[in-house]
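Just below is one structure, and these are the notes that go with it.
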Amino acid sequence: MIDNKNKIILDSLGLPCLVSFEDLVKAIRLDSKLIYWLSSETENKYKTFEIPKKNGGVRIIHAPVYSLKQVQKWILCNIIYKIKTSPYSLGFKRSSNLGSPLYISAQNHKYNLYVLKLDLKDFYPSITKKTVYNLFLSIGYNSQIAFLLTNICTHHGALPQGAVTSAHLANLICRKMDYRLAGYCQKHDIVFTRYADDMAFSSDNRDTLKKAYKTICKIIKDEGFIVNDLKTRFMTPKCRKQILGITINDNQIKVSKDLKRKVRAMIHRSIATGEYNNNDVIKGYISYINSIEPGYLEKTKKYISELITNSPLELYPEIINRFNSNKIYSDLPNMELKEPSYFVESPYDTDYMNNEYELHQDYLEGIKCK
């Protein structure tokens, strides 16, 4: 039987009233043997792989198997999402009318002269199984349910990077730290935001921000985390300010030029080669940039339209057919086949065609060598 106090907490948060293993099975509507296996400390529930980091290291990802992922999604939607994170935590929240959380973070700091960036070392592995268990207890669940939920959401004694529940659980666990840091910052006229393990502090007073560093690190340590000194950055008006990959110059928020060049190169390569396997990736980049710089989507469509109009690529039927069948956006114009005489007058059209063919072949060979 559930404690009256716990029931009041669960009801106030709009959470499912779960008392026993049977209640959990009934709520999730899956086979009891499967739930028992997923909630036990057994192996083979995750597929582990590595992703290279920019600094040369690797990031270890633990991706849950399909059945575990579905159960984690149920916990995420029916329990975890219903608990509010701190207003200073901007990452991995459900869609907001305010726009991209990355944009919101940069927006918070864009008018301040000085920015301090901190990174939490080994963020997810730092959040232990015991900490997750205590979180589920604190929201009103008894020890049995808290134990079952914790086992489903943790791996090897910590939050796994790759589980669908990890990001939001981490935000909830960081809630106390967020409020402690925000309380200190507000007293010293410092703006604070956190996006997962990336923290940003800004102020117009250089000395205030530098003096705050020691106290900020102490609060972080008190809450069980460690600052990654290698990623600590103090930015002044003399240097380019970047927060979460977003550039702030003259109080304007922009995506880095390198990323925009990368997107254009990917688009050109797709059209020139007729290979459109990366369409979803390209659209993802465009959507991200457009969330930071409204109007970028239309600029990209204009770029593509100009790329396929009055272009030597219109000499190749296969390229034209591939483009028209694999448009990144359906409202883009069709490519049309052109004769060499469209670009140069006879009798130079044959030489022009041969020259363009050689240039195109050289381009394709160059791609293969990369």
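Chain labels run A, B, ... following the order of the structure tokens; each chain numbers its residues from 1, and ligands are numbered from 1 in the order shown.
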
Point to revise | Near-stretch 50-53 of chain A list (12 Å; only C-alpha atoms; drop same-chain fewer than 6 positions) as a PyMOL selection string | key: chain A and resi 59-63+161-162

*So which residues of stretch 175-210 of chain A fall under strand (DSSP E or B) by DSSP, listed as a ChimeraX atom specification?*
/A:191-195,198-203

Selected residues written out with all heavy atoms, as a PDB file, in the first residue's frame:
ATOM      1  N   VAL A 191      24.872  36.472 -15.387  1.00  0.00           N
ATOM      2  CA  VAL A 191      23.873  35.652 -16.077  1.00  0.00           C
ATOM      3  C   VAL A 191      24.397  34.224 -16.167  1.00  0.00           C
ATOM      4  O   VAL A 191      25.552  33.996 -16.527  1.00  0.00           O
ATOM      5  CB  VAL A 191      23.595  36.200 -17.487  1.00  0.00           C
ATOM      6  CG1 VAL A 191      22.629  35.276 -18.249  1.00  0.00           C
ATOM      7  CG2 VAL A 191      23.021  37.607 -17.415  1.00  0.00           C
ATOM      8  N   PHE A 192      23.537  33.250 -15.848  1.00  0.00           N
ATOM      9  CA  PHE A 192      23.949  31.836 -15.856  1.00  0.00           C
ATOM     10  C   PHE A 192      22.964  30.996 -16.656  1.00  0.00           C
ATOM     11  O   PHE A 192      21.752  31.133 -16.519  1.00  0.00           O
ATOM     12  CB  PHE A 192      24.022  31.313 -14.419  1.00  0.00           C
ATOM     13  CG  PHE A 192      23.926  29.812 -14.295  1.00  0.00           C
ATOM     14  CD1 PHE A 192      24.907  28.990 -14.858  1.00  0.00           C
ATOM     15  CD2 PHE A 192      22.860  29.206 -13.633  1.00  0.00           C
ATOM     16  CE1 PHE A 192      24.819  27.606 -14.763  1.00  0.00           C
ATOM     17  CE2 PHE A 192      22.773  27.833 -13.519  1.00  0.00           C
ATOM     18  CZ  PHE A 192      23.754  27.031 -14.091  1.00  0.00           C
ATOM     19  N   THR A 193      23.490  30.126 -17.517  1.00  0.00           N
ATOM     20  CA  THR A 193      22.685  29.116 -18.206  1.00  0.00           C
ATOM     21  C   THR A 193      23.475  27.811 -18.281  1.00  0.00           C
ATOM     22  O   THR A 193      24.706  27.811 -18.232  1.00  0.00           O
ATOM     23  CB  THR A 193      22.316  29.539 -19.654  1.00  0.00           C
ATOM     24  OG1 THR A 193      23.517  29.779 -20.396  1.00  0.00           O
ATOM     25  CG2 THR A 193      21.435  30.771 -19.664  1.00  0.00           C
ATOM     26  N   ARG A 194      22.730  26.712 -18.403  1.00  0.00           N
ATOM     27  CA  ARG A 194      23.383  25.405 -18.556  1.00  0.00           C
ATOM     28  C   ARG A 194      22.684  24.630 -19.662  1.00  0.00           C
ATOM     29  O   ARG A 194      21.459  24.578 -19.724  1.00  0.00           O
ATOM     30  CB  ARG A 194      23.321  24.597 -17.252  1.00  0.00           C
ATOM     31  CG  ARG A 194      24.011  23.220 -17.354  1.00  0.00           C
ATOM     32  CD  ARG A 194      23.942  22.444 -16.045  1.00  0.00           C
ATOM     33  NE  ARG A 194      22.562  22.196 -15.646  1.00  0.00           N
ATOM     34  CZ  ARG A 194      21.801  21.219 -16.146  1.00  0.00           C
ATOM     35  NH1 ARG A 194      22.283  20.416 -17.085  1.00  0.00           N
ATOM     36  NH2 ARG A 194      20.562  21.062 -15.725  1.00  0.00           N
ATOM     37  N   TYR A 195      23.474  24.031 -20.543  1.00  0.00           N
ATOM     38  CA  TYR A 195      22.959  23.132 -21.574  1.00  0.00           C
ATOM     39  C   TYR A 195      23.705  21.815 -21.393  1.00  0.00           C
ATOM     40  O   TYR A 195      24.853  21.680 -21.805  1.00  0.00           O
ATOM     41  CB  TYR A 195      23.203  23.708 -22.975  1.00  0.00           C
ATOM     42  CG  TYR A 195      22.566  22.915 -24.092  1.00  0.00           C
ATOM     43  CD1 TYR A 195      21.336  23.306 -24.614  1.00  0.00           C
ATOM     44  CD2 TYR A 195      23.182  21.785 -24.616  1.00  0.00           C
ATOM     45  CE1 TYR A 195      20.739  22.589 -25.643  1.00  0.00           C
ATOM     46  CE2 TYR A 195      22.590  21.065 -25.628  1.00  0.00           C
ATOM     47  CZ  TYR A 195      21.378  21.459 -26.148  1.00  0.00           C
ATOM     48  OH  TYR A 195      20.790  20.731 -27.157  1.00  0.00           O
ATOM     49  N   ASP A 198      27.463  21.803 -20.540  1.00  0.00           N
ATOM     50  CA  ASP A 198      28.057  23.094 -20.924  1.00  0.00           C
ATOM     51  C   ASP A 198      27.424  24.221 -20.125  1.00  0.00           C
ATOM     52  O   ASP A 198      26.211  24.439 -20.212  1.00  0.00           O
ATOM     53  CB  ASP A 198      27.858  23.356 -22.422  1.00  0.00           C
ATOM     54  CG  ASP A 198      28.731  22.472 -23.280  1.00  0.00           C
ATOM     55  OD1 ASP A 198      29.961  22.549 -23.130  1.00  0.00           O
ATOM     56  OD2 ASP A 198      28.184  21.688 -24.083  1.00  0.00           O
ATOM     57  N   MET A 199      28.256  24.944 -19.379  1.00  0.00           N
ATOM     58  CA  MET A 199      27.763  26.058 -18.568  1.00  0.00           C
ATOM     59  C   MET A 199      28.326  27.371 -19.090  1.00  0.00           C
ATOM     60  O   MET A 199      29.470  27.426 -19.537  1.00  0.00           O
ATOM     61  CB  MET A 199      28.201  25.882 -17.112  1.00  0.00           C
ATOM     62  CG  MET A 199      27.571  24.704 -16.416  1.00  0.00           C
ATOM     63  SD  MET A 199      28.145  24.611 -14.714  1.00  0.00           S
ATOM     64  CE  MET A 199      26.904  23.527 -14.019  1.00  0.00           C
ATOM     65  N   ALA A 200      27.506  28.411 -19.017  1.00  0.00           N
ATOM     66  CA  ALA A 200      27.946  29.734 -19.453  1.00  0.00           C
ATOM     67  C   ALA A 200      27.577  30.761 -18.391  1.00  0.00           C
ATOM     68  O   ALA A 200      26.455  30.757 -17.864  1.00  0.00           O
ATOM     69  CB  ALA A 200      27.317  30.100 -20.789  1.00  0.00           C
ATOM     70  N   PHE A 201      28.520  31.635 -18.078  1.00  0.00           N
ATOM     71  CA  PHE A 201      28.328  32.713 -17.118  1.00  0.00           C
ATOM     72  C   PHE A 201      28.803  33.998 -17.797  1.00  0.00           C
ATOM     73  O   PHE A 201      29.869  34.013 -18.413  1.00  0.00           O
ATOM     74  CB  PHE A 201      29.151  32.479 -15.848  1.00  0.00           C
ATOM     75  CG  PHE A 201      28.886  31.170 -15.182  1.00  0.00           C
ATOM     76  CD1 PHE A 201      29.518  30.000 -15.621  1.00  0.00           C
ATOM     77  CD2 PHE A 201      28.014  31.069 -14.107  1.00  0.00           C
ATOM     78  CE1 PHE A 201      29.285  28.779 -15.009  1.00  0.00           C
ATOM     79  CE2 PHE A 201      27.767  29.850 -13.486  1.00  0.00           C
ATOM     80  CZ  PHE A 201      28.401  28.703 -13.939  1.00  0.00           C
ATOM     81  N   SER A 202      28.029  35.064 -17.698  1.00  0.00           N
ATOM     82  CA  SER A 202      28.441  36.305 -18.355  1.00  0.00           C
ATOM     83  C   SER A 202      28.137  37.513 -17.488  1.00  0.00           C
ATOM     84  O   SER A 202      27.215  37.502 -16.660  1.00  0.00           O
ATOM     85  CB  SER A 202      27.763  36.440 -19.718  1.00  0.00           C
ATOM     86  OG  SER A 202      26.366  36.598 -19.569  1.00  0.00           O
ATOM     87  N   SER A 203      28.925  38.555 -17.708  1.00  0.00           N
ATOM     88  CA  SER A 203      28.779  39.788 -16.948  1.00  0.00           C
ATOM     89  C   SER A 203      29.462  40.924 -17.695  1.00  0.00           C
ATOM     90  O   SER A 203      30.312  40.686 -18.566  1.00  0.00           O
ATOM     91  CB  SER A 203      29.401  39.613 -15.561  1.00  0.00           C
ATOM     92  OG  SER A 203      29.427  40.837 -14.852  1.00  0.00           O
TER      93      SER A 203
END

Practice task
Find the spatial neighbours of A:Val164, counting only C-alpha atoms, within a cut-off of 7 Å - ignore same-chain residues fewer than 3 positions away - and output them as a PyMOL selection string.
Solution key: chain A and resi 69+72-73

Any chance you can output those residues with C-alpha atoms as a short mmCIF file (atom, residue, chain, number, x, y, z; two decimals), in the first residue's frame?
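The new file again-v4.cif reads:
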data_model
loop_
_atom_site.label_atom_id
_atom_site.label_comp_id
_atom_site.auth_asym_id
_atom_site.auth_seq_id
_atom_site.Cartn_x
_atom_site.Cartn_y
_atom_site.Cartn_z
CA LYS A 69 14.27 1.84 -25.40
CA GLN A 72 12.52 4.03 -21.25
CA LYS A 73 10.32 6.11 -23.56
#

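If you measure from each of A:Ile104, A:Ile248, A:Leu137, A:Leu332 to A:Glu306 using only C-alpha atoms, the closest one turns out to be A:Leu332.
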
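Between A:Ile226 and the residues A:Trp74, A:Tyr66, A:Pro333, A:Asp197, the shortest atom-to-atom distance, using only C-alpha atoms, involves A:Asp197.
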
Please run DSSP on the backbone and report, as a ChimeraX atom specification, all residues within stretch 3-248 of chain A that come out as alpha helix (DSSP H). /A:4-13,21-28,32-38,66-78,101-109,129-138,143-153,166-173,175-187,206-222

Using C-alpha atoms, can you write the selected residues to a file as a short mmCIF file (atom, residue, chain, number, x, y, z; two decimals), in the first residue's frame?
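Dumped to selection.cif:
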data_model
loop_
_atom_site.label_atom_id
_atom_site.label_comp_id
_atom_site.auth_asym_id
_atom_site.auth_seq_id
_atom_site.Cartn_x
_atom_site.Cartn_y
_atom_site.Cartn_z
CA ASN A 4 -0.59 8.88 1.92
CA LYS A 5 2.18 11.49 1.79
CA ASN A 6 3.73 9.80 -1.24
CA LYS A 7 0.34 9.57 -2.95
CA ILE A 8 -0.19 13.30 -2.47
CA ILE A 9 3.21 13.99 -4.07
CA LEU A 10 2.52 11.69 -7.02
CA ASP A 11 -0.96 13.14 -7.56
CA SER A 12 0.30 16.72 -7.39
CA LEU A 13 2.88 15.94 -10.10
CA PHE A 21 6.16 -4.69 -9.83
CA GLU A 22 2.69 -5.78 -10.98
CA ASP A 23 1.57 -2.14 -11.13
CA LEU A 24 4.54 -1.28 -13.35
CA VAL A 25 3.84 -4.20 -15.70
CA LYS A 26 0.17 -3.26 -15.93
CA ALA A 27 0.99 0.41 -16.65
CA ILE A 28 3.58 -0.32 -19.35
CA SER A 32 6.10 -9.37 -17.05
CA LYS A 33 9.11 -11.54 -17.93
CA LEU A 34 10.41 -8.86 -20.31
CA ILE A 35 9.97 -6.11 -17.69
CA TYR A 36 11.71 -8.31 -15.11
CA TRP A 37 14.68 -8.83 -17.45
CA LEU A 38 14.89 -5.14 -18.38
CA TYR A 66 14.69 -1.87 -28.85
CA SER A 67 12.58 -3.29 -26.00
CA LEU A 68 14.51 -1.35 -23.35
CA LYS A 69 14.27 1.84 -25.40
CA GLN A 70 10.48 1.51 -25.58
CA VAL A 71 10.20 1.07 -21.81
CA GLN A 72 12.52 4.03 -21.25
CA LYS A 73 10.32 6.11 -23.56
CA TRP A 74 7.29 5.19 -21.44
CA ILE A 75 9.12 6.30 -18.27
CA LEU A 76 10.26 9.48 -20.00
CA CYS A 77 6.79 10.47 -21.22
CA ASN A 78 4.73 9.34 -18.22
CA PRO A 101 17.47 26.22 -26.75
CA LEU A 102 20.88 26.93 -28.27
CA TYR A 103 19.58 30.27 -29.55
CA ILE A 104 17.97 31.06 -26.20
CA SER A 105 21.24 30.34 -24.40
CA ALA A 106 23.21 32.66 -26.68
CA GLN A 107 20.45 35.27 -26.44
CA ASN A 108 20.81 35.35 -22.65
CA HIS A 109 24.49 36.26 -22.89
CA LYS A 129 22.76 4.81 -9.72
CA LYS A 130 22.26 5.87 -6.09
CA THR A 131 21.58 9.47 -7.16
CA VAL A 132 18.96 8.33 -9.69
CA TYR A 133 17.37 6.06 -7.06
CA ASN A 134 17.12 8.96 -4.60
CA LEU A 135 15.48 11.11 -7.28
CA PHE A 136 12.71 8.57 -7.84
CA LEU A 137 12.25 8.30 -4.06
CA SER A 138 12.01 12.09 -3.75
CA SER A 143 11.80 1.79 -2.61
CA GLN A 144 10.65 -1.10 -4.83
CA ILE A 145 9.40 1.09 -7.68
CA ALA A 146 12.37 3.47 -7.34
CA PHE A 147 14.69 0.45 -7.58
CA LEU A 148 12.94 -0.90 -10.70
CA LEU A 149 12.88 2.48 -12.47
CA THR A 150 16.52 3.09 -11.58
CA ASN A 151 17.63 -0.25 -13.00
CA ILE A 152 15.80 0.45 -16.25
CA CYS A 153 17.41 3.90 -16.59
CA SER A 166 19.48 10.12 -19.44
CA ALA A 167 19.41 13.75 -20.58
CA HIS A 168 16.23 14.70 -18.76
CA LEU A 169 17.16 12.72 -15.66
CA ALA A 170 20.49 14.56 -15.61
CA ASN A 171 18.65 17.89 -15.80
CA LEU A 172 16.44 16.93 -12.86
CA ILE A 173 19.42 15.81 -10.80
CA ARG A 175 18.24 21.14 -10.48
CA LYS A 176 19.63 21.85 -7.00
CA MET A 177 23.02 22.80 -8.45
CA ASP A 178 21.33 25.09 -11.01
CA TYR A 179 19.44 26.97 -8.30
CA ARG A 180 22.53 27.28 -6.10
CA LEU A 181 24.57 28.67 -8.98
CA ALA A 182 21.74 30.97 -10.08
CA GLY A 183 21.28 32.29 -6.54
CA TYR A 184 24.95 33.17 -6.28
CA CYS A 185 25.05 34.69 -9.76
CA GLN A 186 22.00 36.85 -9.24
CA LYS A 187 23.62 38.43 -6.17
CA ARG A 206 35.49 41.42 -15.75
CA ASP A 207 36.73 41.28 -12.15
CA THR A 208 33.38 40.10 -10.78
CA LEU A 209 33.30 37.19 -13.23
CA LYS A 210 36.91 36.19 -12.54
CA LYS A 211 36.39 36.29 -8.76
CA ALA A 212 33.22 34.21 -9.11
CA TYR A 213 35.10 31.34 -10.77
CA LYS A 214 36.35 29.85 -7.49
CA THR A 215 32.93 29.88 -5.83
CA ILE A 216 31.26 28.47 -8.95
CA CYS A 217 33.72 25.56 -9.00
CA LYS A 218 33.12 24.92 -5.29
CA ILE A 219 29.35 24.70 -5.77
CA ILE A 220 29.82 22.35 -8.72
CA LYS A 221 32.13 20.13 -6.67
CA ASP A 222 29.69 20.13 -3.72
#

Of A:Lys262, A:His188, A:Arg240, A:His155, the one nearest to A:Thr48 when counting only C-alpha atoms is A:His155
